[in-house]
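As provided, work_21.txt (compact mmCIF, C-alpha atoms) reads as follows.
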# COMPACT_ATOMS: atom_id res chain seq x y z
CA MET A 12 -11.35 -18.94 -18.90
CA SER A 13 -13.19 -20.14 -21.94
CA ARG A 14 -15.58 -22.36 -20.06
CA SER A 15 -18.29 -21.40 -17.61
CA ARG A 16 -17.73 -21.50 -13.87
CA ALA A 17 -20.28 -24.29 -13.60
CA SER A 18 -18.05 -26.57 -15.67
CA GLU A 19 -14.76 -25.51 -14.09
CA VAL A 20 -12.48 -28.43 -13.29
CA VAL A 21 -10.17 -27.96 -10.29
CA VAL A 22 -7.52 -30.20 -8.74
CA ILE A 23 -6.48 -29.61 -5.13
CA THR A 24 -3.62 -31.44 -3.44
CA GLY A 25 -3.79 -31.77 0.32
CA ALA A 26 -7.57 -31.62 0.00
CA SER A 27 -8.40 -33.81 2.99
CA GLY A 28 -8.02 -31.05 5.59
CA GLY A 29 -7.07 -27.49 6.39
CA VAL A 30 -6.68 -24.98 3.56
CA GLY A 31 -7.17 -27.61 0.86
CA ARG A 32 -10.44 -28.73 2.41
CA ALA A 33 -11.73 -25.15 2.75
CA ALA A 34 -10.70 -24.33 -0.82
CA ALA A 35 -12.53 -27.40 -2.13
CA VAL A 36 -15.75 -26.24 -0.48
CA ALA A 37 -15.29 -22.69 -1.80
CA PHE A 38 -14.88 -23.92 -5.37
CA ALA A 39 -17.81 -26.31 -4.92
CA ARG A 40 -20.09 -23.41 -4.00
CA ARG A 41 -19.39 -22.08 -7.49
CA GLY A 42 -20.40 -25.33 -9.10
CA ALA A 43 -16.92 -26.67 -9.84
CA SER A 44 -15.92 -30.29 -10.40
CA ILE A 45 -13.04 -31.04 -8.09
CA GLY A 46 -10.33 -33.66 -7.97
CA LEU A 47 -9.42 -34.19 -4.32
CA LEU A 48 -5.87 -35.47 -3.83
CA ALA A 49 -4.54 -36.54 -0.42
CA ARG A 50 -3.25 -39.61 1.43
CA GLY A 51 -5.81 -39.97 4.21
CA HIS A 52 -8.93 -42.03 3.50
CA GLY A 53 -11.12 -40.52 6.22
CA GLY A 54 -10.26 -36.96 5.23
CA LEU A 55 -10.93 -37.65 1.57
CA VAL A 56 -14.34 -39.13 2.36
CA GLY A 57 -15.21 -36.09 4.45
CA ALA A 58 -13.95 -33.69 1.79
CA ARG A 59 -16.01 -35.40 -0.91
CA GLN A 60 -19.12 -35.16 1.24
CA ASP A 61 -18.45 -31.46 1.91
CA VAL A 62 -17.99 -30.71 -1.78
CA GLU A 63 -21.17 -32.50 -2.80
CA ALA A 64 -23.14 -30.80 -0.02
CA ALA A 65 -21.88 -27.43 -1.29
CA GLY A 66 -23.11 -28.10 -4.81
CA GLY A 67 -20.00 -29.38 -6.56
CA ARG A 68 -18.87 -32.71 -7.96
CA ALA A 69 -15.96 -34.54 -6.40
CA LEU A 70 -13.53 -37.30 -7.27
CA ALA A 71 -11.39 -38.45 -4.35
CA VAL A 72 -8.03 -39.85 -5.46
CA PRO A 73 -5.70 -41.21 -2.75
CA THR A 74 -2.33 -39.68 -3.66
CA ASP A 75 1.06 -39.17 -2.07
CA VAL A 76 2.34 -36.03 -3.81
CA SER A 77 5.95 -37.00 -3.11
CA ASP A 78 5.51 -39.71 -5.78
CA PRO A 79 5.34 -38.12 -9.26
CA ASP A 80 3.78 -41.23 -10.77
CA GLN A 81 0.88 -41.08 -8.31
CA VAL A 82 0.33 -37.39 -9.09
CA GLU A 83 0.33 -38.03 -12.83
CA ALA A 84 -2.10 -40.92 -12.43
CA ALA A 85 -4.39 -38.73 -10.34
CA ALA A 86 -4.39 -36.01 -13.01
CA GLU A 87 -5.34 -38.59 -15.64
CA ALA A 88 -8.16 -39.87 -13.45
CA VAL A 89 -9.58 -36.38 -12.94
CA GLU A 90 -9.56 -35.61 -16.65
CA ARG A 91 -11.21 -38.93 -17.49
CA GLU A 92 -13.96 -38.15 -15.01
CA PHE A 93 -14.51 -34.41 -15.50
CA GLY A 94 -12.61 -33.26 -18.58
CA PRO A 95 -9.71 -30.82 -19.01
CA ILE A 96 -8.29 -29.31 -15.83
CA ASP A 97 -8.74 -25.53 -15.56
CA VAL A 98 -7.18 -24.85 -12.16
CA TRP A 99 -4.53 -26.77 -10.22
CA VAL A 100 -4.03 -25.82 -6.57
CA ASN A 101 -0.93 -27.09 -4.73
CA VAL A 102 -1.55 -27.17 -0.97
CA ALA A 103 -0.18 -30.45 0.44
CA MET A 104 2.48 -29.94 3.09
CA ALA A 105 4.40 -31.55 5.91
CA THR A 106 6.44 -29.96 8.65
CA VAL A 107 8.47 -30.67 11.76
CA PHE A 108 8.54 -28.32 14.75
CA ALA A 109 12.05 -28.56 16.16
CA PRO A 110 15.29 -26.59 16.38
CA VAL A 111 17.81 -27.50 13.70
CA HIS A 112 20.12 -29.38 16.07
CA GLN A 113 17.27 -31.80 16.86
CA MET A 114 16.34 -32.45 13.24
CA GLU A 115 17.37 -35.54 11.31
CA ALA A 116 18.45 -35.68 7.68
CA ALA A 117 15.56 -38.02 6.87
CA GLU A 118 13.08 -35.49 8.27
CA TYR A 119 14.48 -32.73 6.07
CA ARG A 120 14.26 -35.07 3.11
CA ARG A 121 10.64 -35.98 3.78
CA VAL A 122 9.47 -32.39 4.33
CA THR A 123 11.22 -31.42 1.10
CA GLU A 124 9.66 -34.31 -0.81
CA VAL A 125 6.14 -33.36 0.26
CA THR A 126 6.16 -29.60 0.73
CA TYR A 127 8.49 -28.62 -2.12
CA LEU A 128 8.71 -31.51 -4.57
CA GLY A 129 5.00 -32.21 -4.12
CA TYR A 130 4.38 -28.76 -5.61
CA VAL A 131 6.84 -29.47 -8.41
CA HIS A 132 5.12 -32.77 -9.23
CA GLY A 133 1.69 -31.15 -9.22
CA THR A 134 2.89 -28.27 -11.37
CA LEU A 135 4.46 -30.61 -13.92
CA ALA A 136 1.27 -32.68 -14.15
CA ALA A 137 -0.75 -29.50 -14.70
CA LEU A 138 1.65 -28.13 -17.30
CA ARG A 139 1.57 -31.32 -19.36
CA ARG A 140 -2.11 -30.66 -19.87
CA MET A 141 -2.35 -26.88 -19.83
CA ARG A 142 0.53 -25.90 -22.12
CA PRO A 143 -0.78 -27.73 -25.22
CA ARG A 144 -4.21 -26.13 -24.64
CA ASN A 145 -2.63 -22.71 -23.93
CA ARG A 146 -4.87 -22.06 -20.94
CA GLY A 147 -5.17 -22.82 -17.23
CA THR A 148 -4.10 -21.53 -13.85
CA ILE A 149 -1.69 -23.04 -11.33
CA ILE A 150 -1.94 -21.74 -7.76
CA GLN A 151 0.89 -22.29 -5.29
CA VAL A 152 -0.31 -21.89 -1.71
CA GLY A 153 2.61 -20.17 -0.08
CA SER A 154 3.33 -18.39 3.15
CA ALA A 155 4.97 -15.27 4.51
CA LEU A 156 7.61 -17.82 5.57
CA ALA A 157 8.59 -18.12 1.90
CA TYR A 158 10.27 -14.73 2.47
CA ARG A 159 10.87 -14.50 6.24
CA SER A 160 12.07 -17.71 7.89
CA ILE A 161 11.47 -18.27 11.58
CA PRO A 162 12.92 -20.60 14.23
CA LEU A 163 11.61 -24.14 14.79
CA GLN A 164 10.41 -24.62 11.19
CA SER A 165 13.64 -24.65 9.17
CA ALA A 166 12.53 -27.49 6.87
CA TYR A 167 9.14 -25.95 6.13
CA CYS A 168 10.52 -22.42 5.62
CA ALA A 169 13.18 -23.76 3.27
CA ALA A 170 10.56 -25.65 1.26
CA LYS A 171 8.32 -22.58 0.94
CA ALA A 172 11.28 -20.48 -0.19
CA ALA A 173 12.13 -23.16 -2.76
CA ILE A 174 8.56 -23.08 -4.07
CA ARG A 175 8.85 -19.33 -4.58
CA GLY A 176 12.13 -19.71 -6.48
CA PHE A 177 10.70 -22.50 -8.65
CA THR A 178 7.53 -20.51 -9.35
CA ASP A 179 9.41 -17.35 -10.33
CA SER A 180 11.54 -19.32 -12.81
CA LEU A 181 8.53 -21.00 -14.36
CA ARG A 182 6.61 -17.72 -14.58
CA SER A 183 9.42 -16.18 -16.62
CA GLU A 184 9.46 -19.18 -18.93
CA LEU A 185 5.72 -18.94 -19.53
CA ILE A 186 6.06 -15.24 -20.30
CA HIS A 187 8.91 -16.04 -22.71
CA GLU A 188 6.67 -18.56 -24.48
CA ARG A 189 3.81 -16.04 -24.53
CA SER A 190 1.77 -18.76 -22.91
CA ARG A 191 -1.68 -18.03 -21.54
CA VAL A 192 -1.07 -20.51 -18.73
CA HIS A 193 -0.91 -18.45 -15.54
CA ILE A 194 0.95 -19.29 -12.35
CA THR A 195 0.52 -17.39 -9.11
CA MET A 196 1.52 -17.72 -5.47
CA VAL A 197 -0.79 -16.89 -2.57
CA GLN A 198 1.20 -15.93 0.53
CA MET A 199 -0.65 -16.90 3.70
CA PRO A 200 -0.55 -15.72 7.33
CA GLY A 201 -0.92 -17.98 10.37
CA LEU A 202 -3.97 -20.18 9.83
CA ASN A 203 -6.22 -22.23 12.10
CA THR A 204 -5.75 -25.63 10.44
CA PRO A 205 -5.25 -29.15 11.79
CA GLN A 206 -1.54 -29.15 10.89
CA PHE A 207 -0.80 -28.39 14.55
CA GLU A 208 -2.57 -31.58 15.54
CA TRP A 209 -0.99 -33.89 12.99
CA GLY A 210 2.43 -32.32 12.32
CA ARG A 211 5.52 -33.80 13.94
CA SER A 212 6.80 -31.84 16.93
CA LYS A 213 9.79 -32.29 19.21
CA MET A 214 8.89 -29.37 21.43
CA PRO A 215 7.81 -29.75 25.06
CA ARG A 216 4.66 -27.66 24.48
CA ARG A 217 2.02 -27.93 21.77
CA ALA A 218 2.63 -26.02 18.55
CA ARG A 219 0.38 -23.22 17.34
CA PRO A 220 0.23 -20.74 14.42
CA VAL A 221 1.92 -17.38 14.80
CA ALA A 222 -0.66 -14.75 15.72
CA PRO A 223 -2.74 -13.14 14.38
CA VAL A 224 -4.52 -16.30 13.25
CA TYR A 225 -7.02 -16.51 10.39
CA GLN A 226 -9.61 -19.12 9.52
CA PRO A 227 -8.90 -21.39 6.54
CA GLU A 228 -11.92 -19.89 4.76
CA VAL A 229 -9.93 -16.64 4.41
CA ALA A 230 -7.23 -18.62 2.62
CA ALA A 231 -9.88 -20.33 0.48
CA GLU A 232 -11.34 -16.97 -0.55
CA ALA A 233 -7.88 -15.84 -1.68
CA ILE A 234 -7.34 -19.03 -3.66
CA VAL A 235 -10.66 -18.85 -5.48
CA TRP A 236 -10.08 -15.18 -6.31
CA SER A 237 -6.61 -15.98 -7.64
CA ALA A 238 -8.06 -18.62 -9.94
CA ARG A 239 -9.90 -15.90 -11.86
CA HIS A 240 -7.47 -12.97 -11.74
CA ARG A 241 -4.02 -12.88 -13.26
CA ARG A 242 -2.16 -11.53 -10.25
CA ARG A 243 1.52 -12.41 -9.82
CA GLU A 244 1.20 -12.83 -6.05
CA LEU A 245 -1.48 -12.23 -3.46
CA TRP A 246 -0.62 -11.26 0.13
CA VAL A 247 -3.50 -12.36 2.30
CA ALA A 248 -3.18 -10.50 5.62
CA PRO A 249 -1.44 -7.51 7.22
CA SER A 250 0.93 -9.87 9.01
CA THR A 251 1.95 -11.30 5.63
CA VAL A 252 2.72 -7.81 4.33
CA LYS A 253 4.71 -6.91 7.45
CA ALA A 254 6.83 -10.05 7.23
CA ILE A 255 7.59 -9.73 3.51
CA VAL A 256 8.19 -5.98 3.44
CA GLY A 257 10.12 -6.12 6.71
CA GLN A 258 12.41 -8.80 5.30
CA ARG A 259 13.12 -6.65 2.26
CA LEU A 260 13.83 -3.50 4.26
CA ALA A 261 15.48 -4.75 7.46
CA PRO A 262 16.37 -8.46 7.40
CA GLY A 263 18.75 -8.13 10.35
CA PHE A 264 15.99 -6.71 12.51
CA GLY A 265 13.80 -9.61 11.34
CA ASP A 266 16.40 -12.09 12.58
CA TRP A 267 16.49 -10.41 15.98
CA TYR A 268 12.71 -10.10 16.24
CA ALA A 269 12.16 -13.75 15.26
CA ALA A 270 14.75 -14.88 17.80
CA ARG A 271 12.99 -12.86 20.49
CA THR A 272 9.34 -13.69 19.74
CA ALA A 273 8.94 -16.69 17.44
CA TYR A 274 9.74 -19.40 19.99
CA SER A 275 6.97 -18.46 22.41
CA GLY A 276 4.78 -17.32 19.52
CA GLN A 277 4.65 -20.85 18.11
CA LEU A 278 3.99 -22.71 21.37
CA THR A 279 0.94 -22.90 23.61
CA ASP A 280 1.02 -23.37 27.35
CA ASP A 281 -0.24 -26.96 26.99
CA PRO A 282 2.25 -29.84 27.17
CA GLU A 283 2.83 -31.82 24.00
CA ASN A 284 2.05 -35.53 23.96
CA PRO A 285 5.34 -37.10 22.83
CA SER A 286 3.65 -40.36 21.84
CA ARG A 287 0.93 -38.90 19.60
CA PRO A 288 1.09 -39.98 15.93
CA ASP A 289 2.11 -37.54 13.19
CA ASN A 290 1.59 -37.50 9.45
CA LEU A 291 5.16 -37.08 8.27
CA ARG A 292 5.25 -40.61 6.87
CA GLU A 293 1.69 -41.85 7.06
CA PRO A 294 -1.74 -40.18 7.30
CA VAL A 295 -3.18 -39.97 10.80
CA ASP A 296 -6.92 -39.88 10.10
CA ALA A 297 -7.53 -43.31 11.59
CA ALA A 298 -8.88 -41.44 14.61
CA GLY A 299 -11.36 -39.61 12.40
CA ASP A 300 -11.73 -36.76 9.96
CA PHE A 301 -9.87 -33.62 11.07
CA GLY A 302 -11.80 -31.26 8.77
CA ALA A 303 -10.67 -27.77 7.79
CA HIS A 304 -10.31 -26.13 11.21
CA GLY A 305 -7.73 -26.56 13.91
CA PRO A 306 -8.22 -25.96 17.66
CA PHE A 307 -7.91 -22.14 17.53
CA ASP A 308 -11.43 -21.09 16.53
CA GLY A 309 -11.66 -18.88 19.60
CA GLU A 310 -9.02 -16.45 18.34
CA ALA A 311 -9.08 -16.98 14.57
CA ARG A 312 -10.29 -14.11 12.39
CA SER A 313 -12.85 -14.80 9.69
CA ARG A 314 -11.97 -11.76 7.54
CA SER A 315 -8.86 -9.97 6.34
CA PHE A 316 -9.01 -6.30 5.40
CA GLN A 317 -5.71 -6.72 3.57
CA LEU A 318 -7.25 -9.41 1.36
CA TRP A 319 -10.29 -7.24 0.67
CA ALA A 320 -8.10 -4.26 -0.18
CA ASP A 321 -5.77 -6.28 -2.38
CA THR A 322 -8.66 -7.77 -4.34
CA HIS A 323 -10.44 -4.41 -4.74
CA ARG A 324 -7.58 -2.24 -5.95
CA GLY A 325 -9.66 -0.71 -8.74
CA TRP A 326 -12.43 0.41 -6.41
CA LEU A 327 -9.92 1.76 -3.91
CA ALA A 328 -8.14 3.71 -6.65
CA LEU A 329 -11.43 5.24 -7.80
CA ALA A 330 -12.33 6.08 -4.22
CA ALA A 331 -8.91 7.70 -3.68
CA ILE A 332 -9.34 9.77 -6.85
CA GLY A 333 -12.81 10.80 -5.72
CA LEU A 334 -11.60 11.79 -2.27
CA ALA A 335 -8.70 13.74 -3.74
CA GLY A 336 -11.08 15.55 -6.07
CA ALA A 337 -13.44 16.35 -3.22
CA ALA A 338 -10.55 17.62 -1.09
CA CYS A 339 -9.32 19.85 -3.92
CA ALA A 340 -12.81 21.21 -4.49
CA ALA A 341 -13.20 21.93 -0.78
CA TRP A 342 -9.82 23.62 -0.63
CA LEU A 343 -10.56 25.77 -3.67
CA GLY A 344 -13.98 26.62 -2.30
CA ASP A 345 -12.47 27.60 1.01
CA GLY A 346 -9.91 29.71 -0.84
CA ARG A 347 -12.62 31.64 -2.66
CA GLY A 348 -14.46 32.16 0.63
CA ALA A 349 -11.27 33.38 2.27
CA GLY A 350 -10.76 35.81 -0.60
CA ARG A 351 -14.25 37.24 -0.13
CA ARG A 352 -13.64 37.65 3.57
CA VAL A 353 -10.36 39.51 2.92
CA ARG A 354 -11.96 41.83 0.40
CA ALA A 355 -14.80 42.62 2.82
CA ALA A 356 -12.32 43.43 5.57
CA LEU A 357 -10.33 45.70 3.27
CA SER A 358 -13.51 47.45 2.17
CA ARG A 359 -14.46 48.11 5.79
CA ALA A 360 -10.99 49.55 6.31
CA GLY A 361 -11.54 51.98 3.44
CA VAL A 362 -9.29 50.33 0.89
CA GLY A 363 -10.89 50.54 -2.55
CA ARG A 364 -11.47 47.64 -4.84
CA GLY A 365 -8.99 48.89 -7.37
CA ALA A 366 -6.29 49.37 -4.76
CA TRP A 367 -6.85 45.86 -3.40
CA GLN A 368 -6.66 44.38 -6.88
CA GLU A 369 -3.51 46.28 -7.68
CA GLY A 370 -1.88 45.32 -4.43
CA THR A 371 -2.69 41.68 -4.88
CA SER A 372 -2.26 41.26 -8.61

Show how you would write the structure in this file as structure tokens.
Amino acid sequence: MSRSRASEVVVITGASGGVGRAAAVAFARRGASIGLLARGHGGLVGARQDVEAAGGRALAVPTDVSDPDQVEAAAEAVEREFGPIDVWVNVAMATVFAPVHQMEAAEYRRVTEVTYLGYVHGTLAALRRMRPRNRGTIIQVGSALAYRSIPLQSAYCAAKAAIRGFTDSLRSELIHERSRVHITMVQMPGLNTPQFEWGRSKMPRRARPVAPVYQPEVAAEAIVWSARHRRRELWVAPSTVKAIVGQRLAPGFGDWYAARTAYSGQLTDDPENPSRPDNLREPVDAAGDFGAHGPFDGEARSRSFQLWADTHRGWLALAAIGLAGAACAAWLGDGRGAGRRVRAALSRAGVGRGAWQEGTS
């Protein structure tokens, strides 16, 4: 990027809670100016306070990402306030936990409008500004579910897969144009976010993320790293790698395994409240600010070795070369020692040096 980190301008959709909220704080700690886009008033107020407390500047813009006009207006407002946008992060999502036969067409439409078309609208708004300047980064917050669908989240899985298809097409177009605008997708594992408190569910027990669960700060770390490195995709946790690679190698086994484990793996033992509000149509922060974390702090992991390894490939390659060199040196050294021991044994047996050399030459 041509500008300093202190003047970096970032837009985050879905910034009022969960991954978007954690990412806003992570960028703020680096001095960024951040446009916070979301529907909920309480969450936006809390996110702005968090960003300012972390050292960044914030502009909260109430926005429904399913409306392209609102997204475009929000982008204009951010650039009027802070200047040209450097990084655009698409996070906003909606989901419904239910088997397909209990889903309604309107629910599929709404999840698609928010979780897929919301990314399209955000990407288009970013491109209108970044392409003429020939710089900028667009980050699509994805999921292992973009590759490996699971039961009870057909609408969400379909939307994430659509985002991946859209992103791959756009990436090829940018390469064709020789554009310096970069687009990347960060594939997430199960995360401890409030989506399980505000998402619509038709299940008898409360929904939960598929284990192992990671804190949203792990996702935020991956997003911030992706803003400054031109990686095609970033796989954030071992579970992400297993799901994606497993789908490529043995999709039939993945179907069977998901059928066997993903129902219970997405439900707690606690009964669901069928009358609780959800955010499919309207924000639900009237009861307060949900923040970045969900109710699974007790089991959520705060670090991912996979993320560390994936973002330190150069160091790992150097370490591997060093270890290989040390192993070769040790092997050769041991070989020379073994040779000396053989020659000594032959000498004790009365075999002359010349005979040994001739016999072993």

Of the residues A:Trp236, A:Tyr119, A:Trp246, A:Tyr130, which is the one nearest to Ala37 in chain A, using all atoms listed in the file?
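Nearest to Ala37 in chain A: A:Trp236.
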
Could you tell me how far CA of Val107 in chain A sits from CA of Gln151 in chain A, in Å to one decimal place?
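A separation of 20.5 Å between them.
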
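Across A:Arg68, A:His240, A:Arg219, A:Arg121, the tightest approach to Gly147 in chain A is made by A:His240 when counting only C-alpha atoms.
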
Straight-line distance linking CA of Gly54 in chain A with CA of Gly299 in chain A, stated in Å to one decimal
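So the answer is 7.7 Å.
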
Got a sec: who's within 6 Å of Thr74 in chain A, counting all atoms listed in the file, leaving out chain neighbours fewer than 5 positions off, as a list in words?
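Result of the neighbour search: Leu48, Ala49, Arg50 and Gln81 of chain A.
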
Rounded to one decimal place, report the CA of His187 in chain A-CA of Arg144 in chain A distance in Å.
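One can read the CA of His187 in chain A to CA of Arg144 in chain A distance as 16.7 Å.
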
Sorted per-residue table, range 130-161 of chain A near range 82-99 of chain A, closest atoms and distance, 6 Å, only C-alpha atoms, as CSV:
residue,atom,partner,partner_atom,distance
A:Ala136,CA,A:Glu83,CA,5.6
A:Gly147,CA,A:Asp97,CA,4.8
A:Thr148,CA,A:Val98,CA,4.8
A:Ile149,CA,A:Trp99,CA,4.8

Residue among A:Ala238, A:Ile194, A:Ala170, A:Ala303 lying closest to Asp61 in chain A, counting all atoms listed in the file:
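Going through A:Ala238, A:Ile194, A:Ala170, A:Ala303 one by one, the smallest distance to Asp61 in chain A is for A:Ala303.
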
Got a sec: who's within 9 Å of range 110-113 of chain A, counting all atoms listed in the file, leaving out chain neighbours fewer than 6 positions off, as a PDB file with C-alpha atoms, in the frame of the given file?
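Output contents, as saved in part-v6.pdb:
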ATOM      1  CA  PRO A 162      12.920 -20.600  14.230  1.00  0.00           C
ATOM      2  CA  LEU A 163      11.610 -24.140  14.790  1.00  0.00           C
ATOM      3  CA  GLN A 164      10.410 -24.620  11.190  1.00  0.00           C
ATOM      4  CA  SER A 165      13.640 -24.650   9.170  1.00  0.00           C
ATOM      5  CA  ALA A 166      12.530 -27.490   6.870  1.00  0.00           C
ATOM      6  CA  LYS A 213       9.790 -32.290  19.210  1.00  0.00           C
ATOM      7  CA  MET A 214       8.890 -29.370  21.430  1.00  0.00           C
TER       8      MET A 214
END

Out of A:Asp321, A:Asp179, A:Glu124, A:Glu232, which residue has the shortest atom-to-atom distance to Ser77 in chain A when counting only C-alpha atoms?
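The closest residue to Ser77 in chain A is A:Glu124.
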
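Residue nearest Val21 in chain A, chosen from A:Thr204, A:Asp78, A:Tyr225, A:Val100 and counting only C-alpha atoms: A:Val100.
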
Protein, DNA and RNA residues within 8 Å of (-8.1, -29.1, 9.1), all atoms listed in the file, as a compact mmCIF listing (two decimals) with C-alpha atoms, keeping the file's coordinate frame:
# COMPACT_ATOMS: atom_id res chain seq x y z
CA SER A 27 -8.40 -33.81 2.99
CA GLY A 28 -8.02 -31.05 5.59
CA GLY A 29 -7.07 -27.49 6.39
CA VAL A 30 -6.68 -24.98 3.56
CA ARG A 32 -10.44 -28.73 2.41
CA ASN A 203 -6.22 -22.23 12.10
CA THR A 204 -5.75 -25.63 10.44
CA PRO A 205 -5.25 -29.15 11.79
CA GLN A 206 -1.54 -29.15 10.89
CA PHE A 301 -9.87 -33.62 11.07
CA GLY A 302 -11.80 -31.26 8.77
CA ALA A 303 -10.67 -27.77 7.79
CA HIS A 304 -10.31 -26.13 11.21
CA GLY A 305 -7.73 -26.56 13.91

From the options A:Ala248, A:Ile161, A:Leu291, A:Ala137, which residue's atoms come nearest to Asn101 in chain A, counting only C-alpha atoms?
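Checking each candidate against Asn101 in chain A, we get A:Ala137 as the closest.
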